[in-house]
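These notes concern the structure reproduced below.
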Amino acid sequence: MDVIEGITLDVEVERILPGGLGLAHAAGRTILVSLSAPGDRLRVKIDRVRGKVAFASLVEIQSPSTLRIEPPCPYFGRCGGCDLQQLRYEAQLQAKSEIIRDCLHRIARIQSPPEVRVVASPNEWRYRSRANWQVDPEMKRVGYYERGTHTVCDVADCAVLVPELQQTLEGVRALLPDGLPIAMRELEAVCGDKGVSLVPETPGFLTQDVARKIGAEKYQFSATSFFQTNHDLLEAFIATVIAERHGQSAIDLYCGVGLFTVPLARRFSQVVGIEANPNSSLYARANVKNAGLVNAKIMTARVGEWLNQNVHSTKPADLLLLDPPRTGAEPGVIQGILTLKPARIAYVSCDPATLARDLKELLAGGYAMESIVAFDMFPQTHHVETVVHLHKD
């Protein structure tokens, strides 16, 4: 059978791949099925074909997997946010472990990837303390893009938002249609222990400083800066990243508001944090100062540029920590790290594919993987946060 766009096929899903799609095979092709579960027997429609790979959407569940549940969210399948609500939570964790191992094998070329433990989120729902909302004032919609489109899915109740952000979403919705600027298309919202910050400001909602206490440390931030989404996991997450390390010097690349810089400065004599976002670096300086620390210096610079300018004048650090965006380390950064020759590296990643890409270069450059553990910062989605520790081989 010739696999072309628009035809239907009967398939059985084998496993979940990076990106959250289910893997199946039919008619001599690889079929990638959205919103599926391992073990599902499905009738699917081919949406597009790229070489030997066909992308398909669900038409009928002929025989559901034992891992499948009824998604509780009424917007599931239309909203482009969550893509694993069809899986039992234990199956979500297992799928994310397999996604990481798949990337380590295919991209990093690790022949026998280690088992990857995924630390479960204390809350499968109502965990998200940060949100990016799409706005369509003309159509009186606020929510998230519909799957595969730039049409706003009007979401009245988002099941993964913490209550404070759900209330904010309802408050923003109440401003439609005339209370929001007609040109507004996007809103960023974060909440702390008390209060919510929104950017851009809207009537009744300010772009203000909020704070969150994580363990013994307190961090200030706002919607203009990045801060991790799942605050319930952060204390254990930070402890795993720092891993009881101590010494003379540490470098914190992509340091954000100083989430790791502050605890590093408790353990290392000198710490340098590098952050390109000027708002984040301002908060990092404030968080270091408010912690009563004087041994941490925050530099506002692109990581690649800072390494290029300082790699030959900086002594090898006892620990280099990097927590890049989803795109991974920018060009030249990994080579700069290899030139710098830190004794140990802690790599924090929110994308297994770019993590594996960068690990391949680090492993080839003389480092060995010491440990790997993941945290389910994003339940109900395929996204996962991974922490890898490396040392000089």
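How things are named: the first chain in the structure tokens is A, the next is B, and so on; residues count from 1 in each chain; ligands count from 1 in the order shown.
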Close residues, Asp358 (chain A) itself excluded, 8 Å, only C-alpha atoms, min 2 positions apart in chain, as a list in words: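 The contact residues come out as Ala108, Gly328, Ala329, Ile334, Thr354, Leu355, Ala356, Lys360, Glu361 and Leu362 of chain A.
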Prev. selection, N, CA and C atoms, output as a PDB file, in the first residue's frame:
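Listing of again_39.pdb after writing:
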```
ATOM      1  N   ALA A 108      23.870  10.723  21.293  1.00  0.00           N
ATOM      2  CA  ALA A 108      25.165  10.754  21.982  1.00  0.00           C
ATOM      3  C   ALA A 108      26.022   9.543  21.651  1.00  0.00           C
ATOM      4  N   GLY A 328      19.710  24.039  23.870  1.00  0.00           N
ATOM      5  CA  GLY A 328      21.009  23.540  24.290  1.00  0.00           C
ATOM      6  C   GLY A 328      22.064  24.627  24.261  1.00  0.00           C
ATOM      7  N   ALA A 329      23.299  24.224  24.490  1.00  0.00           N
ATOM      8  CA  ALA A 329      24.401  25.178  24.493  1.00  0.00           C
ATOM      9  C   ALA A 329      24.560  25.793  23.111  1.00  0.00           C
ATOM     10  N   ILE A 334      30.368  24.421  24.125  1.00  0.00           N
ATOM     11  CA  ILE A 334      30.948  23.154  24.574  1.00  0.00           C
ATOM     12  C   ILE A 334      32.452  23.135  24.324  1.00  0.00           C
ATOM     13  N   THR A 354      18.883  17.861  22.715  1.00  0.00           N
ATOM     14  CA  THR A 354      20.025  18.776  22.714  1.00  0.00           C
ATOM     15  C   THR A 354      21.017  18.416  23.819  1.00  0.00           C
ATOM     16  N   LEU A 355      20.518  17.835  24.917  1.00  0.00           N
ATOM     17  CA  LEU A 355      21.426  17.324  25.940  1.00  0.00           C
ATOM     18  C   LEU A 355      22.337  16.260  25.347  1.00  0.00           C
ATOM     19  N   ALA A 356      21.750  15.309  24.644  1.00  0.00           N
ATOM     20  CA  ALA A 356      22.538  14.225  24.054  1.00  0.00           C
ATOM     21  C   ALA A 356      23.536  14.759  23.023  1.00  0.00           C
ATOM     22  N   LYS A 360      27.571  14.236  23.656  1.00  0.00           N
ATOM     23  CA  LYS A 360      28.433  13.541  22.702  1.00  0.00           C
ATOM     24  C   LYS A 360      29.771  14.259  22.578  1.00  0.00           C
ATOM     25  N   GLU A 361      29.721  15.593  22.512  1.00  0.00           N
ATOM     26  CA  GLU A 361      30.941  16.383  22.378  1.00  0.00           C
ATOM     27  C   GLU A 361      31.754  16.378  23.669  1.00  0.00           C
ATOM     28  N   LEU A 362      31.080  16.443  24.801  1.00  0.00           N
ATOM     29  CA  LEU A 362      31.792  16.424  26.082  1.00  0.00           C
ATOM     30  C   LEU A 362      32.456  15.072  26.332  1.00  0.00           C
TER      31      LEU A 362
END
```
Sel. of strand (DSSP E or B) residues, region 216-387 of chain A, as number ranges by chain: A: 217-221, 230, 247-253, 268-275, 296-300, 319-322, 344-349, 367-375, 385-387
Write out the residues from the selection above, keeping N, CA and C atoms, as a CSV table (one decimal), in the first residue's frame.
```
chain,number,residue,atom,x,y,z
A,217,GLU,N,16.7,29.0,51.1
A,217,GLU,CA,17.0,30.2,50.2
A,217,GLU,C,15.7,30.8,49.8
A,218,LYS,N,15.8,32.1,49.5
A,218,LYS,CA,14.7,32.9,49.0
A,218,LYS,C,15.1,33.6,47.7
A,219,TYR,N,14.3,33.5,46.7
A,219,TYR,CA,14.6,34.0,45.4
A,219,TYR,C,13.5,35.0,45.0
A,220,GLN,N,14.0,36.2,44.5
A,220,GLN,CA,13.1,37.2,43.8
A,220,GLN,C,13.2,37.0,42.3
A,221,PHE,N,12.1,37.2,41.7
A,221,PHE,CA,12.0,37.2,40.2
A,221,PHE,C,10.7,37.8,39.8
A,230,ASN,N,7.9,24.1,38.1
A,230,ASN,CA,7.3,23.3,39.1
A,230,ASN,C,8.0,23.5,40.4
A,247,GLY,N,34.4,23.4,47.0
A,247,GLY,CA,35.8,23.6,46.5
A,247,GLY,C,36.1,25.1,46.4
A,248,GLN,N,37.1,25.4,45.6
A,248,GLN,CA,37.6,26.8,45.5
A,248,GLN,C,36.7,27.6,44.6
A,249,SER,N,36.4,27.1,43.4
A,249,SER,CA,35.8,27.9,42.4
A,249,SER,C,34.7,27.1,41.6
A,250,ALA,N,33.6,27.8,41.2
A,250,ALA,CA,32.5,27.3,40.4
A,250,ALA,C,32.1,28.3,39.4
A,251,ILE,N,31.7,27.8,38.3
A,251,ILE,CA,31.1,28.7,37.2
A,251,ILE,C,29.7,28.2,36.9
A,252,ASP,N,28.8,29.2,36.9
A,252,ASP,CA,27.4,28.9,36.6
A,252,ASP,C,26.9,29.5,35.3
A,253,LEU,N,26.9,28.8,34.3
A,253,LEU,CA,26.6,29.3,32.9
A,253,LEU,C,25.0,29.2,32.8
A,268,PHE,N,31.4,27.0,47.6
A,268,PHE,CA,32.6,27.3,46.9
A,268,PHE,C,33.1,28.7,47.3
A,269,SER,N,34.4,28.9,47.3
A,269,SER,CA,35.0,30.1,47.7
A,269,SER,C,34.7,31.3,46.8
A,270,GLN,N,34.7,31.0,45.5
A,270,GLN,CA,34.4,32.0,44.5
A,270,GLN,C,33.5,31.4,43.4
A,271,VAL,N,32.4,32.1,43.1
A,271,VAL,CA,31.5,31.7,42.1
A,271,VAL,C,31.3,32.8,41.1
A,272,VAL,N,31.2,32.5,39.8
A,272,VAL,CA,30.9,33.4,38.7
A,272,VAL,C,29.6,32.9,38.0
A,273,GLY,N,28.6,33.7,37.9
A,273,GLY,CA,27.4,33.4,37.2
A,273,GLY,C,27.3,34.2,35.9
A,274,ILE,N,27.0,33.6,34.8
A,274,ILE,CA,26.9,34.2,33.5
A,274,ILE,C,25.4,34.1,33.0
A,275,GLU,N,24.8,35.3,32.6
A,275,GLU,CA,23.5,35.3,32.2
A,275,GLU,C,23.3,36.4,31.2
A,296,ALA,N,30.1,35.8,45.2
A,296,ALA,CA,29.6,35.4,43.9
A,296,ALA,C,29.5,36.7,43.0
A,297,LYS,N,29.9,36.6,41.8
A,297,LYS,CA,29.9,37.7,40.8
A,297,LYS,C,29.0,37.3,39.7
A,298,ILE,N,28.1,38.2,39.3
A,298,ILE,CA,27.2,37.9,38.2
A,298,ILE,C,27.6,38.8,37.0
A,299,MET,N,27.8,38.1,35.9
A,299,MET,CA,28.1,38.8,34.6
A,299,MET,C,27.0,38.8,33.7
A,300,THR,N,26.6,39.9,33.1
A,300,THR,CA,25.6,40.0,32.1
A,300,THR,C,26.2,39.9,30.7
A,319,LEU,N,34.1,23.1,39.6
A,319,LEU,CA,32.8,22.7,39.0
A,319,LEU,C,32.3,23.7,38.1
A,320,LEU,N,31.8,23.3,36.9
A,320,LEU,CA,31.2,24.1,35.9
A,320,LEU,C,29.8,23.6,35.8
A,321,LEU,N,28.8,24.5,36.0
A,321,LEU,CA,27.4,24.1,35.9
A,321,LEU,C,26.8,24.9,34.7
A,322,LEU,N,26.0,24.2,33.9
A,322,LEU,CA,25.3,24.9,32.8
A,322,LEU,C,23.9,24.4,32.7
A,344,ARG,N,34.9,19.1,37.2
A,344,ARG,CA,33.6,18.4,37.1
A,344,ARG,C,32.6,19.3,36.4
A,345,ILE,N,31.6,18.7,35.7
A,345,ILE,CA,30.6,19.4,35.0
A,345,ILE,C,29.2,18.9,35.5
A,346,ALA,N,28.3,19.8,35.8
A,346,ALA,CA,26.9,19.5,36.0
A,346,ALA,C,26.1,20.1,34.9
A,347,TYR,N,25.4,19.3,34.1
A,347,TYR,CA,24.6,19.7,32.9
A,347,TYR,C,23.2,19.5,33.3
A,348,VAL,N,22.4,20.6,33.3
A,348,VAL,CA,21.0,20.6,33.5
A,348,VAL,C,20.3,20.9,32.2
A,349,SER,N,19.4,20.0,31.8
A,349,SER,CA,18.7,20.2,30.5
A,349,SER,C,17.2,20.0,30.5
A,367,TYR,N,35.5,13.7,29.0
A,367,TYR,CA,34.7,13.6,30.2
A,367,TYR,C,34.0,12.3,30.2
A,368,ALA,N,33.7,11.8,31.4
A,368,ALA,CA,32.9,10.6,31.6
A,368,ALA,C,31.6,10.9,32.4
A,369,MET,N,30.6,10.2,32.0
A,369,MET,CA,29.3,10.4,32.7
A,369,MET,C,29.3,9.7,34.1
A,370,GLU,N,29.1,10.4,35.1
A,370,GLU,CA,29.1,9.9,36.5
A,370,GLU,C,27.7,9.5,37.0
A,371,SER,N,26.7,10.3,36.7
A,371,SER,CA,25.4,10.0,37.1
A,371,SER,C,24.4,10.7,36.2
A,372,ILE,N,23.2,10.2,36.2
A,372,ILE,CA,22.1,10.9,35.4
A,372,ILE,C,20.8,10.6,36.1
A,373,VAL,N,20.0,11.6,36.3
A,373,VAL,CA,18.7,11.5,37.0
A,373,VAL,C,17.8,12.6,36.3
A,374,ALA,N,16.5,12.3,36.2
A,374,ALA,CA,15.6,13.2,35.6
A,374,ALA,C,14.5,13.6,36.6
A,375,PHE,N,13.9,14.8,36.4
A,375,PHE,CA,12.8,15.3,37.2
A,375,PHE,C,11.6,15.6,36.4
A,385,GLU,N,13.1,17.3,32.7
A,385,GLU,CA,14.3,18.0,33.1
A,385,GLU,C,15.3,16.9,33.5
A,386,THR,N,16.5,17.0,33.0
A,386,THR,CA,17.6,16.0,33.2
A,386,THR,C,18.8,16.6,33.8
A,387,VAL,N,19.4,15.9,34.8
A,387,VAL,CA,20.6,16.4,35.5
A,387,VAL,C,21.7,15.3,35.2
```
Spatial neighbours of Gln208 (chain A), max dist 10 Å, only C-alpha atoms, sep filter under 4 positions, as a PyMOL selection string: chain A and resi 190+195-199+201+221-224
Non-local contacts of Ala174 (chain A) (12 Å; only C-alpha atoms; under 3 positions in same chain excluded) as a list in words: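 The filter keeps Pro137, Lys140, Arg141, Val142, Ala156, Gln167, Thr168, Leu169, Glu170, Gly171, Pro177, Asp178, Gly179, Leu180, Thr202, Pro203 and Gly204 of chain A.
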Spatial neighbours of His105 (chain A), max dist 12 Å, only C-alpha atoms, sep filter under 5 positions, as an NGL selection string: :A and (98-100 or 110-115 or 352-353 or 355-357 or 359-360)
Spatial neighbours of Glu5 (chain A), max dist 12 Å, only C-alpha atoms, sep filter under 4 positions, as an MDAnalysis selection string: chainID A and resid 9 44:50 53:57
Limited to N, CA and C atoms, could you put the picked residues into a file as a compact mmCIF listing (two decimals), in the first residue's frame?
```txt
# COMPACT_ATOMS: atom_id res chain seq x y z
N LEU A 9 -4.93 4.02 8.19
CA LEU A 9 -4.22 2.76 8.41
C LEU A 9 -4.53 2.24 9.79
N VAL A 44 -5.61 5.28 12.20
CA VAL A 44 -5.05 6.62 12.13
C VAL A 44 -5.16 7.16 10.71
N LYS A 45 -5.12 8.50 10.63
CA LYS A 45 -5.12 9.16 9.33
C LYS A 45 -3.75 9.79 9.10
N ILE A 46 -3.20 9.55 7.92
CA ILE A 46 -1.90 10.12 7.58
C ILE A 46 -2.08 11.60 7.27
N ASP A 47 -1.41 12.44 8.05
CA ASP A 47 -1.51 13.88 7.86
C ASP A 47 -0.45 14.42 6.92
N ARG A 48 0.75 13.87 7.02
CA ARG A 48 1.82 14.28 6.10
C ARG A 48 2.89 13.20 6.05
N VAL A 49 3.64 13.19 4.96
CA VAL A 49 4.67 12.19 4.74
C VAL A 49 6.00 12.89 4.48
N ARG A 50 7.03 12.46 5.20
CA ARG A 50 8.38 13.00 5.02
C ARG A 50 9.33 11.83 4.80
N VAL A 53 8.99 8.42 6.68
CA VAL A 53 8.26 8.67 7.92
C VAL A 53 6.92 9.35 7.61
N ALA A 54 5.86 8.83 8.22
CA ALA A 54 4.53 9.43 8.06
C ALA A 54 4.03 9.88 9.43
N PHE A 55 3.45 11.06 9.48
CA PHE A 55 2.87 11.61 10.71
C PHE A 55 1.36 11.43 10.64
N ALA A 56 0.79 10.91 11.73
CA ALA A 56 -0.62 10.53 11.68
C ALA A 56 -1.35 11.02 12.92
N SER A 57 -2.66 11.17 12.78
CA SER A 57 -3.53 11.54 13.89
C SER A 57 -4.55 10.44 14.13
```
CA of Val152 (chain A) to CA of Arg128 (chain A), distance in Å rounded to a single decimal: 19.7 Å
Nearby residues (only C-alpha atoms) at most 7 Å from region 162-164 of chain A, same-chain spacing under 6 positions excluded, as a ChimeraX atom specification: /A:126-129
Selection export as a compact mmCIF listing (two decimals), in the first residue's frame, atoms kept: C-alpha atoms:
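Dumped to part-v4.txt:
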```
# COMPACT_ATOMS: atom_id res chain seq x y z
CA ARG A 126 -2.06 22.15 39.56
CA TYR A 127 1.74 22.28 39.58
CA ARG A 128 2.53 24.94 37.00
CA SER A 129 3.63 28.27 38.52
```
Filtered DSSP result for region 191-393 of chain A, state helix (DSSP H, G or I), as an mmCIF file with C-alpha atoms, in the first residue's frame:
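See selection_0.cif below for the written result:
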```
data_model
loop_
_atom_site.group_PDB
_atom_site.id
_atom_site.type_symbol
_atom_site.label_atom_id
_atom_site.label_comp_id
_atom_site.auth_asym_id
_atom_site.auth_seq_id
_atom_site.Cartn_x
_atom_site.Cartn_y
_atom_site.Cartn_z
ATOM 1 C CA HIS A 231 8.209 24.705 42.484
ATOM 2 C CA ASP A 232 7.198 21.530 44.356
ATOM 3 C CA LEU A 233 10.270 19.730 43.008
ATOM 4 C CA LEU A 234 12.831 22.510 43.316
ATOM 5 C CA GLU A 235 14.390 21.693 46.677
ATOM 6 C CA ALA A 236 15.201 18.115 45.650
ATOM 7 C CA PHE A 237 16.172 19.307 42.170
ATOM 8 C CA ILE A 238 18.699 21.849 43.462
ATOM 9 C CA ALA A 239 20.151 19.317 45.901
ATOM 10 C CA THR A 240 20.679 16.851 43.039
ATOM 11 C CA VAL A 241 22.313 19.466 40.819
ATOM 12 C CA ILE A 242 24.689 20.735 43.519
ATOM 13 C CA THR A 261 24.413 30.417 42.043
ATOM 14 C CA VAL A 262 23.248 31.073 45.601
ATOM 15 C CA PRO A 263 23.693 27.497 46.919
ATOM 16 C CA LEU A 264 26.969 27.194 44.988
ATOM 17 C CA ALA A 265 28.258 30.271 46.803
ATOM 18 C CA ARG A 266 27.547 28.506 50.097
ATOM 19 C CA ARG A 267 29.958 25.746 49.098
ATOM 20 C CA PRO A 278 19.656 41.657 31.837
ATOM 21 C CA ASN A 279 16.507 41.350 33.946
ATOM 22 C CA SER A 280 17.505 37.877 35.140
ATOM 23 C CA SER A 281 21.048 38.967 35.945
ATOM 24 C CA LEU A 282 19.693 41.874 38.015
ATOM 25 C CA TYR A 283 17.615 39.453 40.056
ATOM 26 C CA ALA A 284 20.620 37.134 40.380
ATOM 27 C CA ARG A 285 22.677 39.959 41.886
ATOM 28 C CA ALA A 286 19.833 40.845 44.235
ATOM 29 C CA ASN A 287 19.374 37.218 45.294
ATOM 30 C CA VAL A 288 23.090 36.841 46.011
ATOM 31 C CA LYS A 289 23.094 40.070 48.016
ATOM 32 C CA ASN A 290 19.922 39.208 49.916
ATOM 33 C CA VAL A 303 27.677 32.567 27.471
ATOM 34 C CA GLY A 304 29.499 31.912 24.202
ATOM 35 C CA GLU A 305 30.933 35.413 24.092
ATOM 36 C CA TRP A 306 32.021 35.300 27.747
ATOM 37 C CA LEU A 307 33.793 31.983 27.250
ATOM 38 C CA ASN A 308 35.495 33.230 24.095
ATOM 39 C CA GLN A 309 36.823 36.271 25.947
ATOM 40 C CA ASN A 310 37.759 34.586 29.226
ATOM 41 C CA VAL A 333 30.075 26.841 24.244
ATOM 42 C CA ILE A 334 30.948 23.154 24.574
ATOM 43 C CA GLN A 335 34.310 23.721 22.923
ATOM 44 C CA GLY A 336 34.880 26.623 25.305
ATOM 45 C CA ILE A 337 34.099 24.366 28.261
ATOM 46 C CA LEU A 338 36.527 21.745 26.981
ATOM 47 C CA THR A 339 39.214 24.401 26.661
ATOM 48 C CA LEU A 340 38.475 25.620 30.186
ATOM 49 C CA PRO A 352 16.917 15.247 25.960
ATOM 50 C CA ALA A 353 17.874 15.664 22.296
ATOM 51 C CA THR A 354 20.025 18.776 22.714
ATOM 52 C CA LEU A 355 21.426 17.324 25.940
ATOM 53 C CA ALA A 356 22.538 14.225 24.054
ATOM 54 C CA ARG A 357 24.022 16.358 21.269
ATOM 55 C CA ASP A 358 26.151 18.304 23.753
ATOM 56 C CA LEU A 359 27.039 15.208 25.807
ATOM 57 C CA LYS A 360 28.433 13.541 22.702
ATOM 58 C CA GLU A 361 30.941 16.383 22.378
ATOM 59 C CA LEU A 362 31.792 16.424 26.082
ATOM 60 C CA LEU A 363 32.333 12.661 26.188
ATOM 61 C CA ALA A 364 34.549 12.855 23.109
#
```
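The smallest atom-to-atom distance between Cys79 (chain A) and any of A:Ser97, A:Ser121, A:Ser63, A:Thr151, using only C-alpha atoms, is found for A:Thr151.
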